[in-house]
$ cat target30.cif   # mmCIF, N, CA and C atoms
data_final
#
loop_
_atom_site.label_atom_id
_atom_site.label_comp_id
_atom_site.auth_asym_id
_atom_site.auth_seq_id
_atom_site.Cartn_x
_atom_site.Cartn_y
_atom_site.Cartn_z
N MET V 1 30.57 213.69 128.88
CA MET V 1 30.27 215.01 128.38
C MET V 1 29.08 214.89 127.42
N LEU V 2 28.10 215.77 127.54
CA LEU V 2 26.91 215.73 126.70
C LEU V 2 26.95 216.87 125.70
N LYS V 3 26.58 216.57 124.49
CA LYS V 3 26.52 217.59 123.45
C LYS V 3 25.29 218.47 123.71
N ASP V 4 25.49 219.75 123.72
CA ASP V 4 24.47 220.76 123.98
C ASP V 4 24.09 220.75 125.47
N ALA V 5 23.60 221.87 125.91
CA ALA V 5 23.17 221.99 127.31
C ALA V 5 21.92 221.17 127.52
N LEU V 6 21.81 220.54 128.65
CA LEU V 6 20.64 219.73 128.97
C LEU V 6 19.88 220.40 130.11
N HIS V 7 19.51 221.64 129.90
CA HIS V 7 18.81 222.42 130.91
C HIS V 7 17.36 221.95 130.99
N LEU V 8 16.93 221.56 132.18
CA LEU V 8 15.56 221.15 132.41
C LEU V 8 14.81 222.28 133.09
N GLU V 9 13.73 222.70 132.51
CA GLU V 9 12.98 223.81 133.07
C GLU V 9 11.84 223.29 133.93
N LEU V 10 11.80 223.78 135.17
CA LEU V 10 10.74 223.45 136.10
C LEU V 10 10.04 224.73 136.51
N THR V 11 8.76 224.62 136.82
CA THR V 11 8.06 225.77 137.37
C THR V 11 8.61 226.04 138.76
N PRO V 12 8.43 227.24 139.32
CA PRO V 12 8.92 227.50 140.68
C PRO V 12 8.37 226.49 141.70
N GLY V 13 7.13 226.11 141.56
CA GLY V 13 6.55 225.12 142.48
C GLY V 13 7.22 223.76 142.36
N GLN V 14 7.50 223.34 141.13
CA GLN V 14 8.17 222.06 140.92
C GLN V 14 9.59 222.10 141.44
N ALA V 15 10.29 223.20 141.21
CA ALA V 15 11.68 223.33 141.66
C ALA V 15 11.79 223.28 143.18
N ALA V 16 10.76 223.72 143.87
CA ALA V 16 10.79 223.74 145.34
C ALA V 16 10.57 222.35 145.93
N GLN V 17 10.01 221.43 145.15
CA GLN V 17 9.74 220.07 145.63
C GLN V 17 11.01 219.22 145.54
N SER V 18 11.08 218.20 146.40
CA SER V 18 12.18 217.25 146.23
C SER V 18 11.90 216.45 144.96
N HIS V 19 12.95 215.99 144.31
CA HIS V 19 12.76 215.25 143.09
C HIS V 19 13.95 214.32 142.84
N ILE V 20 13.78 213.48 141.84
CA ILE V 20 14.82 212.56 141.41
C ILE V 20 15.12 212.88 139.95
N THR V 21 16.39 212.92 139.60
CA THR V 21 16.80 213.02 138.21
C THR V 21 17.01 211.59 137.72
N HIS V 22 16.29 211.23 136.69
CA HIS V 22 16.31 209.88 136.11
C HIS V 22 16.97 210.00 134.75
N MET V 23 18.12 209.35 134.60
CA MET V 23 18.88 209.44 133.34
C MET V 23 18.94 208.07 132.67
N VAL V 24 18.75 208.06 131.37
CA VAL V 24 18.80 206.83 130.59
C VAL V 24 19.82 207.02 129.47
N PHE V 25 20.70 206.05 129.33
CA PHE V 25 21.71 206.04 128.28
C PHE V 25 21.53 204.76 127.46
N VAL V 26 21.50 204.87 126.13
CA VAL V 26 21.41 203.70 125.27
C VAL V 26 22.15 203.94 123.97
N ASP V 27 22.51 202.85 123.34
CA ASP V 27 22.95 202.86 121.95
C ASP V 27 21.87 202.17 121.14
N ILE V 28 21.82 202.50 119.87
CA ILE V 28 20.89 201.85 118.94
C ILE V 28 21.62 201.64 117.63
N ASP V 29 21.24 200.62 116.92
CA ASP V 29 21.87 200.37 115.62
C ASP V 29 21.78 201.65 114.79
N PRO V 30 22.91 202.10 114.22
CA PRO V 30 22.94 203.37 113.49
C PRO V 30 21.89 203.50 112.39
N GLN V 31 21.53 202.40 111.76
CA GLN V 31 20.54 202.49 110.68
C GLN V 31 19.17 202.92 111.18
N TYR V 32 18.94 202.83 112.50
CA TYR V 32 17.65 203.21 113.08
C TYR V 32 17.70 204.55 113.81
N ASP V 33 18.84 205.22 113.78
CA ASP V 33 19.02 206.47 114.53
C ASP V 33 17.93 207.51 114.25
N ALA V 34 17.68 207.82 112.99
CA ALA V 34 16.71 208.86 112.66
C ALA V 34 15.30 208.48 113.11
N ALA V 35 14.92 207.25 112.87
CA ALA V 35 13.58 206.80 113.27
C ALA V 35 13.45 206.79 114.80
N PHE V 36 14.52 206.37 115.49
CA PHE V 36 14.50 206.36 116.96
C PHE V 36 14.37 207.77 117.50
N ASP V 37 15.14 208.71 116.95
CA ASP V 37 15.04 210.10 117.39
C ASP V 37 13.63 210.64 117.16
N ASP V 38 13.05 210.37 116.02
CA ASP V 38 11.70 210.84 115.72
C ASP V 38 10.70 210.26 116.72
N TRP V 39 10.76 208.96 116.97
CA TRP V 39 9.86 208.33 117.92
C TRP V 39 10.06 208.91 119.32
N TYR V 40 11.31 209.07 119.71
CA TYR V 40 11.59 209.54 121.08
C TYR V 40 11.05 210.95 121.28
N TRP V 41 11.35 211.86 120.35
CA TRP V 41 10.90 213.26 120.48
C TRP V 41 9.40 213.41 120.34
N ASN V 42 8.82 212.71 119.37
CA ASN V 42 7.43 212.97 119.00
C ASN V 42 6.40 212.04 119.61
N THR V 43 6.85 210.93 120.16
CA THR V 43 5.93 210.00 120.81
C THR V 43 6.28 209.79 122.28
N HIS V 44 7.49 209.31 122.54
CA HIS V 44 7.84 208.90 123.90
C HIS V 44 7.86 210.05 124.89
N ILE V 45 8.56 211.12 124.58
CA ILE V 45 8.63 212.23 125.53
C ILE V 45 7.25 212.85 125.78
N PRO V 46 6.44 213.15 124.77
CA PRO V 46 5.10 213.66 125.07
C PRO V 46 4.28 212.69 125.91
N ASP V 47 4.38 211.38 125.61
CA ASP V 47 3.63 210.39 126.39
C ASP V 47 4.10 210.35 127.84
N ILE V 48 5.41 210.34 128.06
CA ILE V 48 5.91 210.21 129.43
C ILE V 48 5.61 211.45 130.26
N LEU V 49 5.61 212.62 129.62
CA LEU V 49 5.31 213.84 130.37
C LEU V 49 3.82 213.96 130.71
N GLN V 50 3.00 213.09 130.15
CA GLN V 50 1.58 213.03 130.55
C GLN V 50 1.39 212.11 131.76
N CYS V 51 2.41 211.36 132.13
CA CYS V 51 2.33 210.45 133.27
C CYS V 51 2.47 211.23 134.57
N PRO V 52 1.67 210.89 135.59
CA PRO V 52 1.82 211.54 136.89
C PRO V 52 3.24 211.38 137.43
N GLY V 53 3.80 212.48 137.92
CA GLY V 53 5.12 212.44 138.54
C GLY V 53 6.28 212.70 137.61
N TRP V 54 6.06 212.75 136.31
CA TRP V 54 7.13 213.02 135.34
C TRP V 54 7.04 214.50 134.97
N LEU V 55 8.01 215.29 135.43
CA LEU V 55 7.91 216.75 135.38
C LEU V 55 8.59 217.39 134.17
N ALA V 56 9.72 216.86 133.74
CA ALA V 56 10.48 217.49 132.66
C ALA V 56 11.34 216.43 131.98
N ALA V 57 11.69 216.71 130.73
CA ALA V 57 12.52 215.78 129.96
C ALA V 57 13.39 216.54 128.97
N ARG V 58 14.58 216.02 128.76
CA ARG V 58 15.51 216.53 127.74
C ARG V 58 16.23 215.35 127.13
N ARG V 59 16.77 215.55 125.96
CA ARG V 59 17.59 214.53 125.31
C ARG V 59 18.89 215.16 124.84
N GLY V 60 19.88 214.32 124.70
CA GLY V 60 21.16 214.76 124.19
C GLY V 60 21.92 213.58 123.62
N ARG V 61 23.12 213.86 123.18
CA ARG V 61 24.01 212.81 122.69
C ARG V 61 25.29 212.85 123.51
N CYS V 62 25.65 211.71 124.02
CA CYS V 62 26.90 211.59 124.75
C CYS V 62 28.03 211.56 123.72
N ILE V 63 29.00 212.43 123.89
CA ILE V 63 30.10 212.47 122.92
C ILE V 63 31.37 211.84 123.47
N GLU V 64 31.30 211.40 124.73
CA GLU V 64 32.47 210.74 125.33
C GLU V 64 32.03 209.97 126.57
N GLY V 65 32.45 208.72 126.67
CA GLY V 65 32.34 207.99 127.92
C GLY V 65 31.08 207.19 128.17
N GLY V 66 30.21 207.01 127.20
CA GLY V 66 29.01 206.23 127.47
C GLY V 66 28.20 205.99 126.22
N PRO V 67 27.07 205.29 126.36
CA PRO V 67 26.18 205.11 125.23
C PRO V 67 25.76 206.47 124.65
N ARG V 68 25.49 206.48 123.37
CA ARG V 68 25.31 207.73 122.62
C ARG V 68 24.03 208.50 122.96
N HIS V 69 22.91 207.83 123.07
CA HIS V 69 21.63 208.51 123.30
C HIS V 69 21.41 208.69 124.80
N VAL V 70 21.05 209.91 125.18
CA VAL V 70 20.85 210.24 126.59
C VAL V 70 19.50 210.93 126.74
N ALA V 71 18.73 210.47 127.72
CA ALA V 71 17.48 211.15 128.10
C ALA V 71 17.57 211.45 129.59
N ILE V 72 17.20 212.67 129.94
CA ILE V 72 17.25 213.09 131.34
C ILE V 72 15.86 213.58 131.72
N TYR V 73 15.34 213.00 132.78
CA TYR V 73 14.01 213.32 133.26
C TYR V 73 14.09 213.82 134.70
N VAL V 74 13.15 214.64 135.08
CA VAL V 74 12.96 215.00 136.48
C VAL V 74 11.62 214.40 136.89
N ILE V 75 11.66 213.62 137.98
CA ILE V 75 10.43 213.00 138.47
C ILE V 75 10.24 213.35 139.94
N THR V 76 9.01 213.19 140.41
CA THR V 76 8.69 213.55 141.79
C THR V 76 9.24 212.56 142.80
N GLY V 77 9.45 211.34 142.41
CA GLY V 77 9.95 210.31 143.32
C GLY V 77 9.62 208.93 142.79
N ASP V 78 9.84 207.92 143.61
CA ASP V 78 9.61 206.53 143.19
C ASP V 78 8.17 206.27 142.77
N ASP V 79 7.23 207.05 143.30
CA ASP V 79 5.83 206.86 142.95
C ASP V 79 5.57 207.04 141.45
N ALA V 80 6.41 207.81 140.78
CA ALA V 80 6.24 208.04 139.33
C ALA V 80 6.39 206.74 138.54
N TYR V 81 7.11 205.76 139.08
CA TYR V 81 7.31 204.49 138.40
C TYR V 81 6.13 203.53 138.57
N GLU V 82 5.21 203.85 139.46
CA GLU V 82 4.16 202.91 139.83
C GLU V 82 2.80 203.19 139.22
N THR V 83 2.68 204.22 138.40
CA THR V 83 1.37 204.58 137.88
C THR V 83 1.00 203.70 136.68
N PRO V 84 -0.29 203.46 136.47
CA PRO V 84 -0.72 202.71 135.29
C PRO V 84 -0.32 203.40 133.99
N GLU V 85 -0.33 204.74 134.00
CA GLU V 85 0.04 205.49 132.81
C GLU V 85 1.50 205.21 132.42
N PHE V 86 2.39 205.19 133.41
CA PHE V 86 3.80 204.92 133.13
C PHE V 86 3.98 203.48 132.65
N HIS V 87 3.32 202.53 133.31
CA HIS V 87 3.47 201.14 132.91
C HIS V 87 2.98 200.90 131.48
N ALA V 88 2.02 201.70 131.04
CA ALA V 88 1.49 201.54 129.69
C ALA V 88 2.46 202.00 128.60
N ILE V 89 3.40 202.90 128.94
CA ILE V 89 4.26 203.47 127.89
C ILE V 89 5.76 203.27 128.13
N LYS V 90 6.15 202.71 129.26
CA LYS V 90 7.59 202.59 129.55
C LYS V 90 8.28 201.67 128.55
N GLY V 91 9.57 201.88 128.41
CA GLY V 91 10.36 201.06 127.51
C GLY V 91 10.67 201.79 126.21
N PHE V 92 11.11 201.04 125.24
CA PHE V 92 11.58 201.61 123.98
C PHE V 92 10.66 201.30 122.80
N GLY V 93 9.43 200.95 123.09
CA GLY V 93 8.42 200.78 122.05
C GLY V 93 8.91 199.93 120.90
N PRO V 94 8.76 200.44 119.67
CA PRO V 94 9.13 199.65 118.49
C PRO V 94 10.64 199.42 118.35
N PHE V 95 11.42 200.01 119.23
CA PHE V 95 12.89 199.88 119.14
C PHE V 95 13.46 198.98 120.24
N ALA V 96 12.61 198.32 120.99
CA ALA V 96 13.06 197.51 122.13
C ALA V 96 14.12 196.48 121.72
N ASP V 97 13.97 195.88 120.56
CA ASP V 97 14.94 194.86 120.14
C ASP V 97 16.17 195.44 119.45
N LYS V 98 16.22 196.76 119.35
CA LYS V 98 17.35 197.41 118.68
C LYS V 98 18.25 198.19 119.65
N VAL V 99 17.83 198.30 120.89
CA VAL V 99 18.57 199.05 121.91
C VAL V 99 19.67 198.18 122.50
N ARG V 100 20.85 198.78 122.69
CA ARG V 100 21.99 198.10 123.32
C ARG V 100 22.55 199.00 124.41
N ASN V 101 23.32 198.43 125.29
CA ASN V 101 24.08 199.17 126.32
C ASN V 101 23.19 200.07 127.18
N PHE V 102 22.03 199.56 127.55
CA PHE V 102 21.10 200.33 128.38
C PHE V 102 21.70 200.56 129.76
N THR V 103 21.71 201.81 130.19
CA THR V 103 22.15 202.18 131.54
C THR V 103 21.15 203.19 132.09
N ARG V 104 20.77 203.00 133.34
CA ARG V 104 19.90 203.96 134.02
C ARG V 104 20.62 204.46 135.26
N ILE V 105 20.58 205.77 135.46
CA ILE V 105 21.17 206.39 136.65
C ILE V 105 20.09 207.24 137.28
N ARG V 106 19.94 207.11 138.58
CA ARG V 106 18.96 207.93 139.32
C ARG V 106 19.72 208.75 140.35
N ILE V 107 19.41 210.04 140.39
CA ILE V 107 20.09 210.95 141.29
C ILE V 107 19.05 211.64 142.16
N GLU V 108 19.21 211.52 143.45
CA GLU V 108 18.30 212.18 144.37
C GLU V 108 18.81 213.60 144.64
N ALA V 109 17.94 214.57 144.49
CA ALA V 109 18.30 215.95 144.77
C ALA V 109 18.50 216.10 146.27
N ARG V 110 19.55 216.82 146.65
CA ARG V 110 19.83 217.03 148.07
C ARG V 110 20.17 218.48 148.31
N ASP V 111 19.83 218.93 149.47
CA ASP V 111 20.24 220.30 149.82
C ASP V 111 21.58 220.25 150.53
N GLN V 112 22.06 221.38 151.00
CA GLN V 112 23.38 221.43 151.64
C GLN V 112 23.45 220.63 152.93
N GLN V 113 22.31 220.38 153.53
CA GLN V 113 22.28 219.63 154.79
C GLN V 113 22.35 218.12 154.57
N GLY V 114 21.97 217.62 153.39
CA GLY V 114 21.82 216.19 153.22
C GLY V 114 22.83 215.53 152.40
#
$ encode --input "target30.cif" --output "structure tokens"
Amino acid sequence: MLKDALHLELTPGQAAQSHITHMVFVDIDPQYDAAFDDWYWNTHIPDILQCPGWLAARRGRCIEGGPRHVAIYVITGDDAYETPEFHAIKGFGPFADKVRNFTRIRIEARDQQG
């Protein structure tokens, strides 16, 4: 269960395209929580949304059943992972050595036929 709604807004054109939902779950040492949140909101999300293929992003807190910090992205497909822009900013930046329990889940959007 995630605290607060994690509604991702896409333009009508983006919504009509096939996409992948890319979810990241992590824990971080509590003493770094505020700094991690600041970096994630003000540096990482703006940077990642400048990368080709990364369409939308939201964050939340898991309140039951998993690591506490949750980021949910909508991407165009596997090609989004292969750009030089993404390779330049991927990861947890200054918090890489403080992250624990990293989990990534990828969900392919499907219509009623698939």
$ resolve_selection --input "target30.cif" --expression "the PyMOL selection byres ((chain V and resi 74) around 6.5)" --output "PyMOL selection string"
chain V and resi 19-22+53-57+72-73+75-76
$ select_by_dssp --input "target30.cif" --residues "region 13-76 of chain V" --states "strand (DSSP E or B)" --output "list of chain:residue names"
V:Ile20, V:Thr21, V:His22, V:Met23, V:Val24, V:Phe25, V:Val26, V:Asp27, V:Ile28, V:Trp54, V:Leu55, V:Ala56, V:Ala57, V:Arg58, V:Arg59, V:Gly60, V:Arg61, V:Cys62, V:His69, V:Val70, V:Ala71, V:Ile72, V:Tyr73, V:Val74, V:Ile75
$ closest_atom_pairs --input "target30.cif" --of "region 72-106 of chain V" --to "region 23-27 of chain V" --cutoff "6 Å" --atoms "all atoms listed in the file" --output "Markdown table"
| residue | atom | partner | partner_atom | distance |
| --- | --- | --- | --- | --- |
| V:Ile72 | CA | V:Met23 | CA | 4.5 |
| V:Tyr73 | N | V:Met23 | N | 4.9 |
| V:Lys98 | C | V:Asp27 | C | 5.6 |
| V:Val99 | CA | V:Asp27 | C | 4.6 |
| V:Arg100 | N | V:Asp27 | C | 3.9 |
| V:Asn101 | C | V:Val26 | CA | 4.5 |
| V:Phe102 | CA | V:Phe25 | C | 4.5 |
| V:Thr103 | C | V:Phe25 | N | 4.0 |
| V:Arg104 | CA | V:Met23 | C | 4.4 |
| V:Ile105 | C | V:Met23 | N | 3.9 |
| V:Arg106 | N | V:Met23 | N | 4.9 |
$ closest_residue --input "target30.cif" --among "V:Ala109, V:Ala96, V:Ile63, V:Cys51" --to "Asp79 (chain V)" --atoms "only C-alpha atoms"
V:Cys51
$ closest_residue --input "target30.cif" --among "V:Phe86, V:Ala71, V:Pro30, V:Phe95" --to "Asp47 (chain V)" --atoms "only C-alpha atoms"
V:Phe86
$ atom_distance --input "target30.cif" --atom1 "atom N of Arg61 (chain V)" --atom2 "atom N of Ala34 (chain V)"
13.0 Å
$ closest_residue --input "target30.cif" --among "V:Asp78, V:Glu85, V:Gly93, V:Glu64" --to "Ile48 (chain V)" --atoms "all atoms listed in the file"
V:Glu85
$ atom_distance --input "target30.cif" --atom1 "atom C of Ile107 (chain V)" --atom2 "atom C of Lys90 (chain V)"
20.0 Å
$ atom_distance --input "target30.cif" --atom1 "atom N of Gln50 (chain V)" --atom2 "CA of Tyr32 (chain V)"
24.6 Å
$ select_by_dssp --input "target30.cif" --residues "region 1-104 of chain V" --states "alpha helix (DSSP H)" --output "VMD selection string"
chain V and resid 12 to 16 33 to 39 45 to 48 84 to 89
$ residues_around --input "target30.cif" --residues "Phe36 (chain V)" --least-positions-apart "6" --cutoff "9 Å" --atoms "only C-alpha atoms" --output "VMD selection string"
chain V and resid 28 92 94 to 95
